[in-house]
Amino acid sequence: MVELEYPFDSAYIMKKRRSLKKALLADGSARVKKNIAVLGGSTTNDIVSIMELFLLNNGIEPTFYQSEYAQYWQDAMFPGEELLSFAPDLVFIHTTNRNITAFPKITDSREAVDSLLDSEFSRFSKMWQAVADRFHCPIIQNNFEMPLFRLMGNKDSSDYRGRERFISRLNEKFYDYADSTPNFYINDINYISASYGLKEWSNPLYWNMYKYALCFEAIPELAFNTANIVKSVFGKNKKAIALDLDNTLWGGVVGDDGVEHIQIGQETGVAQSYYEFQSYLKAQRELGVMLTVCSKNDEENAIAGLNHPEGVLRPDDFIVIKANWENKDRNIIETASQLNILPDSIVFADDNPAERAIVRAQVAGVAVPDMDGVENYIQTLDRSGFFEITTFSDDDLKRNEMYKANAERAAQQAAFENYSDYLLSLEMDAVIDDFIPMYIQRITQLSNKSNQFNVTTKRYTTAEMEEVFASDEYIRLYGKLVDKFGDNGVVSVVIGKKSGDVLNMELWLMSCRVLKRDMEFAMLDRLVERCAQQGIKTIRGYYYPTAKNKMVKELYGTFGFEKISEDESGNTVWEMSVDGYEQKCHVINVRGNE
């Protein structure tokens with residue numbers, strides 16, 4: 001919904017929240033349902049109602065529990081029956097500097113201030129641990145905004161007794177905790193309050209009148225920032241950017257002006273703005289965001305522009321380059337197909353409002369930000385939160401190289417008439433074995449990101465995945481695939497729960513970047529082997545249809561399972577006997593953990 005895209009009109013959202021919610025719920029979108037507990041140190045009603053809009057717009061249908069006013073600590077430490085039965089999938093603790101119980105006095109010694117700091121941090125860390133132990137779910141915790149006033153003036157930031165310094169030190173303790181604690185995330189209200197304007201954000205009128213810790217007009221900013229973390233936790237981030245070239249990556253039209261006359265580099269203010277935008281995109285690429293080109297241009301001119309000596313990006317930085325005269329909506333759909341992702345995983349960045357309107361109308365789910373003024377490009381993409389990071393693995397660092405290697409595989413495939421010969425030519429090696437600690441984060445990430453090749457679309461937090469890892473009730477497998485073009489990383493996860501001599505499959509997923517490589521059959525071979533070793537006679541598989549996982553509707557059928565039931569919603573149950581099973585994968589060399 002365009003009204004909820006950055007930069008949004010906060011006043012309009014606050015005024016039209018009911019009609020916006022009604023329109024979102026009526027649009028027919030498939031959404032994942034989540035229970036979110038909001039434990040507030042101030043009034044949270046309006047924050048919750050606006051956050052709901054942003055979550056609905058990102059494919060999440062939330063149900064909320066709210067603590068009574070300022071009862072965040074009591075609810076966390078001593079939850080009542082209502083919160084316990086609510087069983088949150090995520091807990092958001094909305095506290096601000098008004099919830100700091102004590103600040104240093106001017107007469108305090110350094111030791112007294114240090115003790116006060118440790119006591120304040122301990123109060124929060126005990127609360128976080130209690131929530132984690134009880135609910136085993138992700139926690140989002142606000143950091144603290146700077147104080148509205150500075151008793152010591154500028155010295156407040158450096159003197160050990162200053163409020164500003166005390167808050168900064170407390171924030172640092174929060175950051176260290178987040179850095180060392182899985183499933184714990186900081187909601188950076190210190191940044192967004194500064195960006196909004198601290199004077200307006202912390203207007204005391206709203207606290208004194210309504211017990212709001214921020215001004216009414218800033219609520220959408222807070223709700224949007226929080227929703228970005230939530231949708232990232234639950235795998236709703238974008239994955240790729242489709243970039244126009246002329247007047248988007250450089251100033252001017254390369255086909256008309258020539259490479260020597262396009263604006264990029266350090267010579268003028270405009271050229272520098274394009275240089276900085278390319279630098280920003282290069283940094284996003286290093287974080288694992290896939291860069292592609294979608295430009296109406298001759299490919300020769302596009303490549304020449306990308307090789308400009310003053311530019312930052314080069315042709316090799318892009319996985320797919322669509323520089324032609326086809327409609328851009330078609331090029332985006334083809335790009336998604338080449339990358340084995342859905343179009344709604346793509347952000348389309350183009351300076352031309354007509355092209356943006358066409359793509360927005362023709363390709364459902366593609367994010368189309370308003371790219372108006374090169375000086376605003378970075379802020380528009382950055383503040384939109386398309387690629388909010390909550391987990392980060394080695395595979396993210398290598399994602400662009402992995403997808404470029406896929407393009408090389410596709411090119412090689414064209415040289416083979418027999419597909420089996422092509423697969424053998426890839427010289428594939430796989431590690432398929434029980435989970436190991438170093439891959440838990442990546443395995444969890446896959447469970448939240450994989451939507452297409454995922455028979456149950458069951459989601460796990462890191463804590464839940466660690467519980468599965470530690471339990472003898474499960475047979476677990478991860479699959480890591482390497483071939484002559486490169487390392488694909490961990491690409492498949494299988495989890496089954498034992499019940500007597502039956503294994504009930506709870507998760508079977510695979511990254512779409514290794515589709516049609518027989519990796520699913522290699523996983524099945526190893527699963528059957530483990531079942532036989534542990535006395536399992538029957539494997540029972542389940543398929544739960546979603547808007548995105550139709551490709552695996554018959555997966556168990558292709559494995560040789562027999563369908564034993566199907567309900568009116570299309571949920572199916574399949575069974576296969578372990579006895580008499582014959583190996584199905586003959587093109588991948590499989591080994592276990594070293």
# chains A, B, ... in the order shown; residues from 1 in each chain; ligands from 1

$ select_by_dssp --residues "range 4-126 of chain A" --states "strand (DSSP E)" --output "list in words"
Val32, Lys33, Lys34, Asn35, Ile36, Ala37, Val38, Leu39, Gly40, Ile60, Glu61, Pro62, Thr63, Phe64, Tyr65, Gln66, Leu90, Val91, Phe92, Ile93 and His94 of chain A

$ residues_around --residues "Pro369 in chain A" --least-positions-apart "6" --cutoff "8 Å" --atoms "only C-alpha atoms" --output "VMD selection string"
chain A and resid 5 to 6 347 to 349 380 to 381

$ residues_around --residues "range 186-197 of chain A" --least-positions-apart "4" --cutoff "9 Å" --atoms "only C-alpha atoms" --output "PDB file with N, CA and C atoms, in the first residue's frame"
ATOM      1  N   HIS A  94       8.797  -1.814  25.024  1.00  0.00           N
ATOM      2  CA  HIS A  94       8.834  -0.399  24.644  1.00  0.00           C
ATOM      3  C   HIS A  94       9.113   0.451  25.885  1.00  0.00           C
ATOM      4  N   THR A  96      11.688   3.801  27.418  1.00  0.00           N
ATOM      5  CA  THR A  96      12.399   5.005  26.991  1.00  0.00           C
ATOM      6  C   THR A  96      13.199   5.528  28.177  1.00  0.00           C
ATOM      7  N   ILE A 139      13.084 -11.205  21.155  1.00  0.00           N
ATOM      8  CA  ILE A 139      12.808 -10.035  21.982  1.00  0.00           C
ATOM      9  C   ILE A 139      13.325  -8.798  21.257  1.00  0.00           C
ATOM     10  N   ILE A 140      12.490  -7.791  21.156  1.00  0.00           N
ATOM     11  CA  ILE A 140      12.907  -6.484  20.651  1.00  0.00           C
ATOM     12  C   ILE A 140      12.883  -5.509  21.821  1.00  0.00           C
ATOM     13  N   GLN A 141      13.989  -4.834  22.046  1.00  0.00           N
ATOM     14  CA  GLN A 141      14.123  -3.906  23.164  1.00  0.00           C
ATOM     15  C   GLN A 141      14.546  -2.535  22.643  1.00  0.00           C
ATOM     16  N   ASN A 142      13.810  -1.487  22.992  1.00  0.00           N
ATOM     17  CA  ASN A 142      14.255  -0.137  22.663  1.00  0.00           C
ATOM     18  C   ASN A 142      15.566   0.176  23.381  1.00  0.00           C
ATOM     19  N   ASN A 143      16.446   0.911  22.694  1.00  0.00           N
ATOM     20  CA  ASN A 143      17.509   1.562  23.448  1.00  0.00           C
ATOM     21  C   ASN A 143      16.943   2.873  24.011  1.00  0.00           C
ATOM     22  N   PHE A 144      17.793   3.781  24.448  1.00  0.00           N
ATOM     23  CA  PHE A 144      17.304   5.010  25.073  1.00  0.00           C
ATOM     24  C   PHE A 144      17.639   6.226  24.216  1.00  0.00           C
ATOM     25  N   GLU A 145      16.663   7.096  24.061  1.00  0.00           N
ATOM     26  CA  GLU A 145      16.904   8.363  23.385  1.00  0.00           C
ATOM     27  C   GLU A 145      17.678   9.301  24.317  1.00  0.00           C
ATOM     28  N   MET A 146      18.338  10.293  23.737  1.00  0.00           N
ATOM     29  CA  MET A 146      19.081  11.259  24.544  1.00  0.00           C
ATOM     30  C   MET A 146      18.121  12.106  25.393  1.00  0.00           C
ATOM     31  N   PHE A 174      23.503  -2.338  26.506  1.00  0.00           N
ATOM     32  CA  PHE A 174      22.438  -2.993  25.736  1.00  0.00           C
ATOM     33  C   PHE A 174      23.008  -3.572  24.443  1.00  0.00           C
ATOM     34  N   TYR A 175      23.867  -2.805  23.770  1.00  0.00           N
ATOM     35  CA  TYR A 175      24.415  -3.259  22.492  1.00  0.00           C
ATOM     36  C   TYR A 175      25.307  -4.481  22.678  1.00  0.00           C
ATOM     37  N   ALA A 178      23.068  -7.420  23.076  1.00  0.00           N
ATOM     38  CA  ALA A 178      22.476  -7.817  21.791  1.00  0.00           C
ATOM     39  C   ALA A 178      23.500  -8.517  20.907  1.00  0.00           C
ATOM     40  N   TRP A 201      10.191  15.192  19.364  1.00  0.00           N
ATOM     41  CA  TRP A 201       9.972  13.804  19.789  1.00  0.00           C
ATOM     42  C   TRP A 201       9.650  13.721  21.284  1.00  0.00           C
ATOM     43  N   SER A 202      10.429  14.411  22.086  1.00  0.00           N
ATOM     44  CA  SER A 202      10.307  14.301  23.541  1.00  0.00           C
ATOM     45  C   SER A 202       9.486  15.420  24.167  1.00  0.00           C
ATOM     46  N   LEU A 214       6.705   9.838  23.602  1.00  0.00           N
ATOM     47  CA  LEU A 214       7.075  10.553  22.382  1.00  0.00           C
ATOM     48  C   LEU A 214       5.845  11.308  21.904  1.00  0.00           C
ATOM     49  N   ALA A 218       4.944  11.503  15.981  1.00  0.00           N
ATOM     50  CA  ALA A 218       6.096  10.645  15.678  1.00  0.00           C
ATOM     51  C   ALA A 218       5.781   9.159  15.803  1.00  0.00           C
ATOM     52  N   GLU A 221       6.614   6.907  12.874  1.00  0.00           N
ATOM     53  CA  GLU A 221       8.053   6.683  12.709  1.00  0.00           C
ATOM     54  C   GLU A 221       8.524   5.535  13.600  1.00  0.00           C
ATOM     55  N   LEU A 222       8.099   5.563  14.853  1.00  0.00           N
ATOM     56  CA  LEU A 222       8.463   4.485  15.783  1.00  0.00           C
ATOM     57  C   LEU A 222       7.880   3.153  15.341  1.00  0.00           C
ATOM     58  N   ASN A 225       9.683   1.725  12.246  1.00  0.00           N
ATOM     59  CA  ASN A 225      11.010   1.209  12.571  1.00  0.00           C
ATOM     60  C   ASN A 225      10.916  -0.142  13.274  1.00  0.00           C
ATOM     61  N   THR A 226       9.970  -0.257  14.201  1.00  0.00           N
ATOM     62  CA  THR A 226       9.791  -1.522  14.919  1.00  0.00           C
ATOM     63  C   THR A 226       9.291  -2.616  13.982  1.00  0.00           C
ATOM     64  N   ILE A 229      11.928  -4.428  11.972  1.00  0.00           N
ATOM     65  CA  ILE A 229      12.631  -5.503  12.683  1.00  0.00           C
ATOM     66  C   ILE A 229      11.768  -6.758  12.705  1.00  0.00           C
TER      67      ILE A 229
END

$ residues_around --residues "Ile495 in chain A" --least-positions-apart "5" --cutoff "7 Å" --atoms "only C-alpha atoms" --output "PyMOL selection string"
chain A and resi 474-477+505-508

$ residues_around --residues "Met465 in chain A" --least-positions-apart "3" --cutoff "12 Å" --atoms "only C-alpha atoms" --output "number ranges by chain"
A: 136-137, 182-183, 435-437, 439-448, 458-462, 468-471, 474, 476, 493-495, 507

$ residues_around --residues "range 232-237 of chain A" --least-positions-apart "6" --cutoff "10 Å" --atoms "only C-alpha atoms" --output "PyMOL selection string"
chain A and resi 32+34+55+58-60+89-90+138+183+185+344-346+385-391+445-451+459-461

$ write_last_selection --atoms "N, CA and C atoms" --output "short mmCIF file (atom, residue, chain, number, x, y, z; two decimals), in the first residue's frame"
data_model
loop_
_atom_site.label_atom_id
_atom_site.label_comp_id
_atom_site.auth_asym_id
_atom_site.auth_seq_id
_atom_site.Cartn_x
_atom_site.Cartn_y
_atom_site.Cartn_z
N VAL A 32 1.21 -14.36 7.16
CA VAL A 32 1.54 -15.25 8.26
C VAL A 32 1.02 -14.61 9.55
N LYS A 34 0.98 -13.96 13.59
CA LYS A 34 1.92 -13.95 14.70
C LYS A 34 1.31 -13.27 15.92
N LEU A 55 2.77 -3.93 9.61
CA LEU A 55 2.97 -5.38 9.56
C LEU A 55 2.04 -6.02 8.53
N ASN A 58 3.35 -5.75 5.24
CA ASN A 58 4.53 -6.58 4.98
C ASN A 58 4.24 -8.07 5.10
N GLY A 59 2.98 -8.45 5.01
CA GLY A 59 2.63 -9.86 4.96
C GLY A 59 2.52 -10.55 6.29
N ILE A 60 2.35 -9.79 7.37
CA ILE A 60 2.21 -10.36 8.71
C ILE A 60 0.91 -9.87 9.33
N ASP A 89 4.79 -15.02 19.96
CA ASP A 89 5.83 -15.38 19.01
C ASP A 89 6.97 -14.38 19.05
N LEU A 90 6.71 -13.21 19.63
CA LEU A 90 7.72 -12.16 19.75
C LEU A 90 7.30 -11.22 20.87
N PRO A 138 11.80 -14.38 20.03
CA PRO A 138 12.61 -13.17 19.84
C PRO A 138 12.14 -12.04 20.75
N ASN A 183 18.60 -13.88 19.02
CA ASN A 183 17.16 -13.62 19.16
C ASN A 183 16.85 -12.38 20.01
N TYR A 185 17.09 -8.17 19.84
CA TYR A 185 17.29 -7.11 18.86
C TYR A 185 17.03 -5.74 19.46
N ASP A 344 8.05 -10.50 -5.62
CA ASP A 344 7.84 -9.65 -4.44
C ASP A 344 9.07 -9.60 -3.54
N SER A 345 10.17 -10.24 -3.96
CA SER A 345 11.43 -10.13 -3.24
C SER A 345 12.32 -9.01 -3.80
N ILE A 346 11.79 -8.27 -4.79
CA ILE A 346 12.60 -7.30 -5.52
C ILE A 346 12.16 -5.88 -5.20
N GLY A 385 13.79 0.43 4.92
CA GLY A 385 13.94 -0.82 5.68
C GLY A 385 13.74 -2.08 4.87
N PHE A 386 13.96 -2.01 3.56
CA PHE A 386 13.74 -3.19 2.72
C PHE A 386 14.65 -4.36 3.11
N PHE A 387 15.86 -4.05 3.57
CA PHE A 387 16.87 -5.08 3.81
C PHE A 387 17.33 -5.08 5.27
N GLU A 388 16.41 -4.77 6.18
CA GLU A 388 16.71 -4.74 7.61
C GLU A 388 17.41 -6.03 8.05
N ILE A 389 18.54 -5.90 8.70
CA ILE A 389 19.33 -7.08 9.09
C ILE A 389 19.05 -7.44 10.54
N THR A 390 18.61 -8.66 10.76
CA THR A 390 18.49 -9.20 12.11
C THR A 390 19.40 -10.41 12.31
N THR A 391 19.65 -11.15 11.24
CA THR A 391 20.65 -12.22 11.29
C THR A 391 21.58 -12.06 10.10
N GLN A 445 17.79 -19.14 9.74
CA GLN A 445 17.54 -18.14 8.72
C GLN A 445 16.80 -18.75 7.52
N LEU A 446 17.23 -19.92 7.09
CA LEU A 446 16.57 -20.61 5.97
C LEU A 446 15.11 -20.91 6.30
N SER A 447 14.86 -21.34 7.54
CA SER A 447 13.48 -21.70 7.92
C SER A 447 12.55 -20.50 7.86
N ASN A 448 13.10 -19.31 8.00
CA ASN A 448 12.27 -18.10 7.97
C ASN A 448 12.22 -17.44 6.61
N LYS A 449 13.19 -17.75 5.74
CA LYS A 449 13.23 -17.10 4.43
C LYS A 449 12.65 -17.94 3.31
N SER A 450 12.73 -19.27 3.44
CA SER A 450 12.33 -20.14 2.33
C SER A 450 10.82 -20.27 2.28
N ASN A 451 10.22 -19.83 1.19
CA ASN A 451 8.77 -19.85 1.05
C ASN A 451 8.28 -20.79 -0.05
N ARG A 459 8.07 -21.93 10.87
CA ARG A 459 9.14 -20.98 11.18
C ARG A 459 9.73 -21.29 12.56
N TYR A 460 10.99 -21.06 12.70
CA TYR A 460 11.68 -21.30 13.96
C TYR A 460 12.47 -20.07 14.37
N THR A 461 12.47 -19.79 15.66
CA THR A 461 13.43 -18.84 16.20
C THR A 461 14.73 -19.58 16.47
#

$ closest_residue --among "A:Phe121, A:Phe54, A:Phe453, A:Phe216" --to "Lys15 in chain A" --atoms "only C-alpha atoms"
A:Phe216

$ closest_residue --among "A:Ala361, A:Cys512, A:Leu198, A:Val368" --to "Leu339 in chain A" --atoms "only C-alpha atoms"
A:Cys512

$ select_by_dssp --residues "range 213-271 of chain A" --states "helix (DSSP H, G or I)" --output "PyMOL selection string"
chain A and resi 216-233+254-257+259-261+269-271

$ write_last_selection --atoms "N, CA, C and O atoms" --output "tab-separated table (two decimals), in the first residue's frame"
chain	number	residue	atom	x	y	z
A	216	PHE	N	2.76	12.59	19.62
A	216	PHE	CA	1.75	11.85	18.87
A	216	PHE	C	2.12	11.72	17.40
A	216	PHE	O	1.97	10.67	16.78
A	217	GLU	N	2.66	12.80	16.82
A	217	GLU	CA	2.96	12.82	15.38
A	217	GLU	C	4.09	11.87	15.00
A	217	GLU	O	4.21	11.48	13.84
A	218	ALA	N	4.94	11.50	15.98
A	218	ALA	CA	6.10	10.64	15.68
A	218	ALA	C	5.78	9.16	15.80
A	218	ALA	O	6.62	8.32	15.49
A	219	ILE	N	4.58	8.83	16.24
A	219	ILE	CA	4.23	7.42	16.45
A	219	ILE	C	4.42	6.57	15.19
A	219	ILE	O	4.99	5.46	15.27
A	220	PRO	N	4.00	7.02	14.00
A	220	PRO	CA	4.26	6.20	12.81
A	220	PRO	C	5.74	5.93	12.55
A	220	PRO	O	6.11	4.86	12.08
A	221	GLU	N	6.61	6.91	12.87
A	221	GLU	CA	8.05	6.68	12.71
A	221	GLU	C	8.52	5.53	13.60
A	221	GLU	O	9.27	4.65	13.17
A	222	LEU	N	8.10	5.56	14.85
A	222	LEU	CA	8.46	4.49	15.78
A	222	LEU	C	7.88	3.15	15.34
A	222	LEU	O	8.57	2.13	15.31
A	223	ALA	N	6.60	3.15	14.99
A	223	ALA	CA	5.93	1.91	14.60
A	223	ALA	C	6.55	1.30	13.34
A	223	ALA	O	6.72	0.08	13.23
A	224	PHE	N	6.90	2.16	12.39
A	224	PHE	CA	7.51	1.70	11.14
A	224	PHE	C	8.87	1.07	11.42
A	224	PHE	O	9.20	-0.01	10.91
A	225	ASN	N	9.68	1.72	12.25
A	225	ASN	CA	11.01	1.21	12.57
A	225	ASN	C	10.92	-0.14	13.27
A	225	ASN	O	11.68	-1.07	12.98
A	226	THR	N	9.97	-0.26	14.20
A	226	THR	CA	9.79	-1.52	14.92
A	226	THR	C	9.29	-2.62	13.98
A	226	THR	O	9.76	-3.76	14.03
A	227	ALA	N	8.34	-2.27	13.12
A	227	ALA	CA	7.78	-3.25	12.18
A	227	ALA	C	8.85	-3.78	11.23
A	227	ALA	O	8.80	-4.94	10.82
A	228	ASN	N	9.83	-2.94	10.87
A	228	ASN	CA	10.92	-3.41	10.01
A	228	ASN	C	11.70	-4.53	10.67
A	228	ASN	O	12.12	-5.50	10.01
A	229	ILE	N	11.93	-4.43	11.97
A	229	ILE	CA	12.63	-5.50	12.68
A	229	ILE	C	11.77	-6.76	12.70
A	229	ILE	O	12.25	-7.87	12.44
A	230	VAL	N	10.48	-6.60	13.00
A	230	VAL	CA	9.58	-7.75	13.09
A	230	VAL	C	9.52	-8.49	11.76
A	230	VAL	O	9.63	-9.73	11.71
A	231	LYS	N	9.35	-7.75	10.67
A	231	LYS	CA	9.21	-8.44	9.38
A	231	LYS	C	10.53	-9.09	8.97
A	231	LYS	O	10.54	-10.13	8.30
A	232	SER	N	11.67	-8.54	9.39
A	232	SER	CA	12.94	-9.19	9.11
A	232	SER	C	13.09	-10.47	9.91
A	232	SER	O	13.54	-11.50	9.39
A	233	VAL	N	12.70	-10.44	11.18
A	233	VAL	CA	12.76	-11.65	12.04
A	233	VAL	C	11.97	-12.78	11.41
A	233	VAL	O	12.39	-13.94	11.44
A	254	VAL	N	23.39	7.69	-21.29
A	254	VAL	CA	24.64	7.23	-21.86
A	254	VAL	C	24.54	7.05	-23.36
A	254	VAL	O	25.50	7.33	-24.11
A	255	GLY	N	23.38	6.63	-23.87
A	255	GLY	CA	23.23	6.41	-25.31
A	255	GLY	C	23.25	7.69	-26.10
A	255	GLY	O	23.67	7.71	-27.26
A	256	ASP	N	22.79	8.78	-25.51
A	256	ASP	CA	22.75	10.08	-26.19
A	256	ASP	C	23.99	10.92	-25.89
A	256	ASP	O	24.57	11.55	-26.78
A	257	ASP	N	24.41	10.94	-24.64
A	257	ASP	CA	25.50	11.83	-24.22
A	257	ASP	C	26.87	11.23	-24.41
A	257	ASP	O	27.87	11.96	-24.47
A	259	VAL	N	29.60	8.00	-22.99
A	259	VAL	CA	30.14	7.65	-21.69
A	259	VAL	C	30.92	8.82	-21.09
A	259	VAL	O	30.85	9.09	-19.88
A	260	GLU	N	31.65	9.53	-21.93
A	260	GLU	CA	32.52	10.59	-21.42
A	260	GLU	C	31.75	11.77	-20.83
A	260	GLU	O	32.31	12.59	-20.08
A	261	HIS	N	30.44	11.86	-21.11
A	261	HIS	CA	29.67	13.01	-20.65
A	261	HIS	C	28.65	12.68	-19.55
A	261	HIS	O	27.95	13.57	-19.08
A	269	GLY	N	28.86	18.56	-7.83
A	269	GLY	CA	28.00	18.08	-6.75
A	269	GLY	C	27.07	16.98	-7.20
A	269	GLY	O	26.86	15.99	-6.48
A	270	VAL	N	26.51	17.12	-8.41
A	270	VAL	CA	25.60	16.09	-8.93
A	270	VAL	C	26.36	14.79	-9.17
A	270	VAL	O	25.91	13.70	-8.80
A	271	ALA	N	27.54	14.89	-9.78
A	271	ALA	CA	28.34	13.69	-10.05
A	271	ALA	C	28.69	12.98	-8.74
A	271	ALA	O	28.67	11.75	-8.65

$ atom_distance --atom1 "CA of Pro353 in chain A" --atom2 "CA of Arg18 in chain A"
29.0 Å

$ closest_atom_pairs --of "range 254-354 of chain A" --to "range 513-530 of chain A" --cutoff "10 Å" --atoms "only C-alpha atoms" --output "JSON lines"
{"residue": "A:Gln338", "atom": "CA", "partner": "A:Arg513", "partner_atom": "CA", "distance": 9.3}
{"residue": "A:Leu339", "atom": "CA", "partner": "A:Arg513", "partner_atom": "CA", "distance": 7.0}
{"residue": "A:Asn340", "atom": "CA", "partner": "A:Arg513", "partner_atom": "CA", "distance": 5.9}
{"residue": "A:Ile341", "atom": "CA", "partner": "A:Arg513", "partner_atom": "CA", "distance": 8.2}

$ write_last_selection --atoms "N, CA, C and O atoms" --output "PDB file, in the first residue's frame"
ATOM      1  N   GLN A 338      15.129 -15.944 -13.238  1.00  0.00           N
ATOM      2  CA  GLN A 338      16.530 -16.327 -13.341  1.00  0.00           C
ATOM      3  C   GLN A 338      17.173 -16.516 -11.962  1.00  0.00           C
ATOM      4  O   GLN A 338      18.045 -17.372 -11.787  1.00  0.00           O
ATOM      5  N   LEU A 339      16.745 -15.707 -11.004  1.00  0.00           N
ATOM      6  CA  LEU A 339      17.309 -15.795  -9.659  1.00  0.00           C
ATOM      7  C   LEU A 339      16.606 -16.840  -8.800  1.00  0.00           C
ATOM      8  O   LEU A 339      17.028 -17.101  -7.669  1.00  0.00           O
ATOM      9  N   ASN A 340      15.524 -17.428  -9.323  1.00  0.00           N
ATOM     10  CA  ASN A 340      14.711 -18.378  -8.556  1.00  0.00           C
ATOM     11  C   ASN A 340      14.165 -17.749  -7.275  1.00  0.00           C
ATOM     12  O   ASN A 340      14.165 -18.367  -6.200  1.00  0.00           O
ATOM     13  N   ILE A 341      13.725 -16.502  -7.383  1.00  0.00           N
ATOM     14  CA  ILE A 341      13.033 -15.838  -6.289  1.00  0.00           C
ATOM     15  C   ILE A 341      11.700 -15.340  -6.820  1.00  0.00           C
ATOM     16  O   ILE A 341      11.460 -15.326  -8.037  1.00  0.00           O
TER      17      ILE A 341
END

$ residues_around --residues "Met77 in chain A" --least-positions-apart "3" --cutoff "8 Å" --atoms "only C-alpha atoms" --output "ChimeraX atom specification"
/A:73-74,127,130-131

$ atom_distance --atom1 "CA of Val502 in chain A" --atom2 "CA of Ile539 in chain A"
5.8 Å

$ atom_distance --atom1 "CA of Glu575 in chain A" --atom2 "CA of Phe559 in chain A"
10.2 Å
